[in-house]
file data_9.tsv (TSV, C-alpha atoms and all ligand atoms)
chain	number	residue	atom	x	y	z
A	1	MET	CA	99.01	104.68	98.30
A	2	SER	CA	95.56	105.56	97.12
A	3	THR	CA	93.42	103.52	99.51
A	4	GLU	CA	93.99	106.42	101.93
A	5	SER	CA	92.27	108.61	99.34
A	6	GLY	CA	89.20	106.36	99.53
A	7	ILE	CA	90.06	104.41	96.39
A	8	PRO	CA	89.50	100.67	96.77
A	9	ASP	CA	92.48	98.46	96.02
A	10	PHE	CA	92.34	95.48	93.67
A	11	ARG	CA	93.66	92.43	95.41
A	12	SER	CA	92.55	92.52	99.05
A	13	ASP	CA	89.46	90.67	100.31
A	14	THR	CA	87.44	93.88	99.94
A	15	GLY	CA	89.18	94.97	96.74
A	16	ILE	CA	87.67	95.48	93.31
A	17	TRP	CA	88.62	92.05	92.01
A	18	ALA	CA	86.79	90.38	94.90
A	19	ASP	CA	83.50	91.32	93.17
A	20	VAL	CA	84.37	91.59	89.49
A	21	ASP	CA	86.35	89.24	87.28
A	22	PRO	CA	89.16	91.35	85.81
A	23	PHE	CA	89.25	89.22	82.67
A	24	GLU	CA	85.58	90.12	81.99
A	25	VAL	CA	85.98	93.89	82.35
A	26	ALA	CA	89.66	94.80	82.20
A	27	SER	CA	91.38	92.52	79.70
A	28	ILE	CA	92.28	93.29	76.11
A	29	GLN	CA	90.31	90.19	75.08
A	30	ALA	CA	87.20	91.53	76.81
A	31	PHE	CA	87.75	94.93	75.17
A	32	LYS	CA	87.92	93.36	71.71
A	33	ARG	CA	84.92	91.13	72.38
A	34	ASP	CA	82.67	93.59	74.20
A	35	PRO	CA	84.01	97.16	74.51
A	36	ARG	CA	80.67	98.33	75.93
A	37	ARG	CA	81.15	96.14	78.99
A	38	VAL	CA	84.73	97.34	79.51
A	39	TRP	CA	83.67	100.97	79.16
A	40	GLY	CA	80.74	100.39	81.53
A	41	PHE	CA	83.32	99.43	84.16
A	42	TYR	CA	85.85	102.18	83.34
A	43	ARG	CA	83.27	104.95	83.10
A	44	GLU	CA	82.43	104.40	86.79
A	45	ARG	CA	86.12	104.00	87.67
A	46	ILE	CA	87.07	107.26	85.98
A	47	HIS	CA	84.29	109.17	87.73
A	48	LEU	CA	85.29	107.71	91.12
A	49	LEU	CA	89.01	108.35	90.63
A	50	ARG	CA	88.47	111.94	89.49
A	51	GLU	CA	86.51	112.67	92.65
A	52	ALA	CA	89.31	111.35	94.88
A	53	GLU	CA	91.89	113.75	96.32
A	54	PRO	CA	95.62	113.20	96.88
A	55	ASN	CA	96.36	112.20	100.49
A	56	ALA	CA	99.19	112.96	102.94
A	57	ALA	CA	101.46	110.37	101.29
A	58	HIS	CA	101.07	111.88	97.80
A	59	HIS	CA	101.73	115.36	99.20
A	60	ALA	CA	104.78	114.20	101.18
A	61	LEU	CA	106.37	112.60	98.09
A	62	ALA	CA	105.73	115.74	96.04
A	63	GLU	CA	107.40	117.83	98.76
A	64	LEU	CA	110.38	115.44	98.90
A	65	GLU	CA	110.78	115.88	95.14
A	66	ARG	CA	110.68	119.69	95.54
A	67	ARG	CA	113.45	119.37	98.14
A	68	GLY	CA	115.56	117.29	95.74
A	69	LEU	CA	115.30	114.12	97.83
A	70	VAL	CA	113.05	112.13	95.50
A	71	ALA	CA	114.19	111.84	91.88
A	72	ALA	CA	111.03	110.34	90.41
A	73	ILE	CA	108.00	108.23	91.18
A	74	VAL	CA	107.23	104.91	89.53
A	75	THR	CA	103.61	103.93	90.09
A	76	GLN	CA	101.23	101.17	89.11
A	77	ASN	CA	98.32	103.44	90.03
A	78	ILE	CA	96.25	104.86	87.19
A	79	ASP	CA	94.50	107.56	89.22
A	80	THR	CA	96.92	110.48	88.44
A	81	LEU	CA	96.93	111.50	92.13
A	82	HIS	CA	100.74	111.89	92.24
A	83	THR	CA	100.62	114.43	89.44
A	84	ARG	CA	97.67	116.19	91.05
A	85	ALA	CA	99.65	116.41	94.32
A	86	GLY	CA	102.45	118.21	92.46
A	87	SER	CA	104.91	115.43	91.65
A	88	ARG	CA	106.62	116.26	88.35
A	89	ASP	CA	108.46	113.13	87.24
A	90	VAL	CA	105.91	110.31	87.43
A	91	VAL	CA	106.36	107.08	85.49
A	92	GLU	CA	102.94	105.47	85.16
A	93	VAL	CA	103.72	101.82	84.51
A	94	HIS	CA	100.09	100.87	83.84
A	95	GLY	CA	99.05	104.05	82.01
A	96	SER	CA	96.37	106.30	83.49
A	97	ILE	CA	92.78	107.51	83.24
A	98	ARG	CA	94.08	110.83	81.86
A	99	SER	CA	93.18	109.80	78.33
A	100	ALA	CA	91.93	107.04	76.03
A	101	GLN	CA	93.69	105.71	72.93
A	102	CYS	CA	92.79	104.61	69.46
A	103	LEU	CA	94.46	101.29	68.72
A	104	ARG	CA	94.11	101.83	64.98
A	105	CYS	CA	95.53	105.35	64.41
A	106	LEU	CA	97.06	105.91	67.91
A	107	TRP	CA	95.04	109.08	68.53
A	108	THR	CA	94.95	110.14	72.21
A	109	GLU	CA	91.66	111.55	73.49
A	110	PRO	CA	91.70	113.44	76.83
A	111	ALA	CA	89.47	112.13	79.65
A	112	ASP	CA	87.13	115.14	79.57
A	113	ALA	CA	86.29	114.49	75.93
A	114	VAL	CA	85.93	110.75	76.62
A	115	LEU	CA	83.48	111.37	79.47
A	116	ALA	CA	81.51	113.83	77.32
A	117	GLN	CA	81.20	111.13	74.65
A	118	LEU	CA	80.12	108.59	77.28
A	119	GLU	CA	77.18	110.84	78.18
A	120	GLU	CA	75.85	110.20	74.67
A	121	ARG	CA	76.93	106.66	73.84
A	122	ALA	CA	78.16	103.41	75.40
A	123	THR	CA	81.68	103.55	73.93
A	124	PRO	CA	83.76	106.59	72.96
A	125	VAL	CA	85.05	106.68	69.39
A	126	CYS	CA	88.17	108.10	67.77
A	127	PRO	CA	87.53	111.54	66.23
A	128	GLN	CA	90.09	110.71	63.51
A	129	CYS	CA	89.05	107.25	62.30
A	130	ASP	CA	85.83	106.40	64.16
A	131	ASP	CA	87.24	103.23	65.74
A	132	VAL	CA	86.35	102.48	69.39
A	133	LEU	CA	88.76	104.10	71.86
A	134	LYS	CA	90.48	102.00	74.53
A	135	PRO	CA	90.91	103.22	78.12
A	136	GLY	CA	94.39	104.71	78.60
A	137	VAL	CA	95.21	102.13	81.24
A	138	THR	CA	97.08	98.92	80.54
A	139	LEU	CA	94.57	96.10	80.33
A	140	PHE	CA	95.29	92.49	81.31
A	141	GLY	CA	96.90	90.76	78.36
A	142	GLU	CA	98.36	94.01	76.96
A	143	LEU	CA	101.99	95.04	76.78
A	144	LEU	CA	103.06	97.87	79.10
A	145	PRO	CA	103.43	101.32	77.51
A	146	PRO	CA	106.68	101.49	75.49
A	147	GLY	CA	109.76	102.58	77.41
A	148	VAL	CA	108.29	102.61	80.93
A	149	VAL	CA	110.00	99.47	82.21
A	150	GLU	CA	113.36	100.65	80.82
A	151	ARG	CA	112.92	104.10	82.41
A	152	ALA	CA	111.85	102.60	85.75
A	153	THR	CA	114.78	100.18	85.73
A	154	ASP	CA	117.25	102.98	84.94
A	155	LEU	CA	115.83	105.06	87.80
A	156	ALA	CA	116.10	102.15	90.24
A	157	ARG	CA	119.71	101.42	89.26
A	158	ALA	CA	120.69	105.07	89.64
A	159	ALA	CA	119.02	105.49	93.05
A	160	ALA	CA	120.85	105.42	96.37
A	161	LEU	CA	117.62	104.11	97.84
A	162	VAL	CA	114.34	102.90	96.38
A	163	LEU	CA	111.42	103.58	98.67
A	164	VAL	CA	108.60	101.08	98.18
A	165	VAL	CA	105.31	102.57	99.37
A	166	GLY	CA	102.05	100.69	99.70
A	167	SER	CA	102.78	97.65	97.60
A	168	SER	CA	102.79	94.00	98.51
A	169	LEU	CA	105.29	93.59	95.63
A	170	GLU	CA	103.28	90.91	93.89
A	171	VAL	CA	102.81	92.33	90.41
A	172	TRP	CA	105.74	92.17	88.01
A	173	PRO	CA	107.64	93.95	86.59
A	174	ALA	CA	107.24	96.68	89.24
A	175	ALA	CA	107.79	94.13	91.99
A	176	GLY	CA	111.27	93.41	90.64
A	177	LEU	CA	112.42	97.04	90.61
A	178	PRO	CA	113.66	97.22	94.22
A	179	LEU	CA	116.07	94.38	93.45
A	180	GLU	CA	117.69	96.59	90.78
A	181	ALA	CA	118.59	99.23	93.37
A	182	ARG	CA	121.58	99.43	95.70
A	183	SER	CA	119.16	99.27	98.62
A	184	PHE	CA	115.48	99.65	99.28
A	185	ALA	CA	113.11	100.39	102.15
A	186	ILE	CA	109.46	99.41	102.40
A	187	VAL	CA	106.46	101.22	103.88
A	188	ASN	CA	103.48	98.88	103.75
A	189	ARG	CA	100.73	97.59	105.98
A	190	GLY	CA	101.29	93.86	106.16
A	191	PRO	CA	104.04	91.66	104.78
A	192	THR	CA	105.54	91.94	101.30
A	193	ALA	CA	107.43	89.45	99.20
A	194	LEU	CA	110.75	91.28	99.82
A	195	ASP	CA	110.60	92.20	103.53
A	196	ASP	CA	113.74	90.25	104.42
A	197	ARG	CA	115.78	91.92	101.66
A	198	ALA	CA	114.90	95.52	102.64
A	199	VAL	CA	117.23	97.75	104.71
A	200	LEU	CA	114.14	98.98	106.56
A	201	LYS	CA	110.52	97.86	106.76
A	202	ILE	CA	107.89	100.14	108.30
A	203	ASP	CA	104.52	98.50	108.88
A	204	ALA	CA	102.32	101.61	108.84
A	205	SER	CA	100.02	103.63	106.63
A	206	ALA	CA	101.79	105.50	103.83
A	207	GLY	CA	100.37	108.88	104.86
A	208	GLU	CA	101.42	108.49	108.49
A	209	ALA	CA	104.92	107.20	107.71
A	210	LEU	CA	105.78	109.71	104.98
A	211	ALA	CA	104.40	112.68	106.89
A	212	ALA	CA	106.66	111.60	109.77
A	213	VAL	CA	109.64	111.41	107.38
A	214	LEU	CA	108.98	115.01	106.30
A	215	GLU	CA	108.72	116.15	109.90
A	216	ALA	CA	111.97	114.38	110.85
A	217	LEU	CA	113.80	116.12	108.00
B	1	ZN	ZN	91.74	106.43	65.34

call {"tool": "encode", "arguments": {"input": "data_9.tsv", "output": "structure tokens", "more": "lines below"}}
Ligand SMILES: [Zn+2]
result
Amino acid sequence: MSTESGIPDFRSDTGIWADVDPFEVASIQAFKRDPRRVWGFYRERIHLLREAEPNAAHHALAELERRGLVAAIVTQNIDTLHTRAGSRDVVEVHGSIRSAQCLRCLWTEPADAVLAQLEERATPVCPQCDDVLKPGVTLFGELLPPGVVERATDLARAAALVLVVGSSLEVWPAAGLPLEARSFAIVNRGPTALDDRAVLKIDASAGEALAAVLEAL
């Protein structure tokens, strides 16, 4: 979805994890051991993601929701671009960069305040209890935010069609969601793990394919 907004993906040969070991910068163990290193990584990520703009695919899905054709979006992306494009019901399975959390008192600090703190110090702290804040994204080794898998599963089971956009369907539990639905279609460049189970597979960019869907409607 978001590579078309200039955001690098994680798992391709040119993706983020080709250069950085996720367990060193994006795991809960790394956060507990060395939060400065984790925040050094996320500070740059947050700045990059906030500069990115929603692309044609984000806008098309928001328009489909306005027309009553899309019920909700379930995303593994943390960049908030669906919300910024105007989508209203967005289930962020891996959290987002919108805020940071205190693991001790559960305080939520908005990204603006977090970035302001990071101008002054290496790690942002909780204004309530002074503990180090954790990025609002789900780190490796952490549980997913409470309720998101249940909500996503309910949505998939209730849907006439699940549209999989820009995912190679490798990361669980999101990769299992299409199998909960009555049927599913896939828009993705390159093969996915569930191509032969889909009612339709379109090998194209998300922006191109979804803009064409809008036009055809
Ligand atoms: Zn706190």

call {"tool": "residues_near_ligand", "arguments": {"input": "data_9.tsv", "ligand": "ligand ZN 1 (chain B)", "cutoff": "6 Å", "atoms": "all atoms listed in the file", "output": "JSON, numbers by chain"}}
result
{"A": [102, 104, 105, 106, 107, 126, 128, 129, 131]}

call {"tool": "write_last_selection", "arguments": {"input": "data_9.tsv", "atoms": "C-alpha atoms", "output": "PDB file, keeping the file's coordinate frame"}}
result
ATOM      1  CA  CYS A 102      92.790 104.610  69.460  1.00  0.00           C
ATOM      2  CA  ARG A 104      94.110 101.830  64.980  1.00  0.00           C
ATOM      3  CA  CYS A 105      95.530 105.350  64.410  1.00  0.00           C
ATOM      4  CA  LEU A 106      97.060 105.910  67.910  1.00  0.00           C
ATOM      5  CA  TRP A 107      95.040 109.080  68.530  1.00  0.00           C
ATOM      6  CA  CYS A 126      88.170 108.100  67.770  1.00  0.00           C
ATOM      7  CA  GLN A 128      90.090 110.710  63.510  1.00  0.00           C
ATOM      8  CA  CYS A 129      89.050 107.250  62.300  1.00  0.00           C
ATOM      9  CA  ASP A 131      87.240 103.230  65.740  1.00  0.00           C
TER      10      ASP A 131
END

call {"tool": "residues_around", "arguments": {"input": "data_9.tsv", "residues": "A:Gln101", "least_positions_apart": "5", "cutoff": "12 Å", "atoms": "only C-alpha atoms", "output": "PyMOL selection string"}}
result
chain A and resi 95-96+106-111+113-114+124-138+145

call {"tool": "closest_atom_pairs", "arguments": {"input": "data_9.tsv", "of": "stretch 162-196 of chain A", "to": "stretch 42-64 of chain A", "cutoff": "12 Å", "atoms": "all atoms listed in the file", "output": "Markdown table"}}
result
| residue | atom | partner | partner_atom | distance |
| --- | --- | --- | --- | --- |
| A:Leu163 | CA | A:Leu61 | CA | 10.4 |
| A:Val164 | CA | A:Leu61 | CA | 11.7 |
| A:Val165 | CA | A:Ala57 | CA | 8.9 |
| A:Gly166 | CA | A:Ala57 | CA | 9.8 |
| A:Val187 | CA | A:Ala57 | CA | 10.7 |
| A:Asn188 | CA | A:Ala57 | CA | 11.9 |

call {"tool": "residues_around", "arguments": {"input": "data_9.tsv", "residues": "stretch 167-181 of chain A", "least_positions_apart": "3", "cutoff": "9 Å", "atoms": "all atoms listed in the file", "output": "PyMOL selection string"}}
result
chain A and resi 1+74-76+93+149+152-164+184-194+197-198

call {"tool": "atom_distance", "arguments": {"input": "data_9.tsv", "atom1": "atom CA of A:Glu65", "atom2": "atom CA of A:Ser87"}}
result
6.8 Å
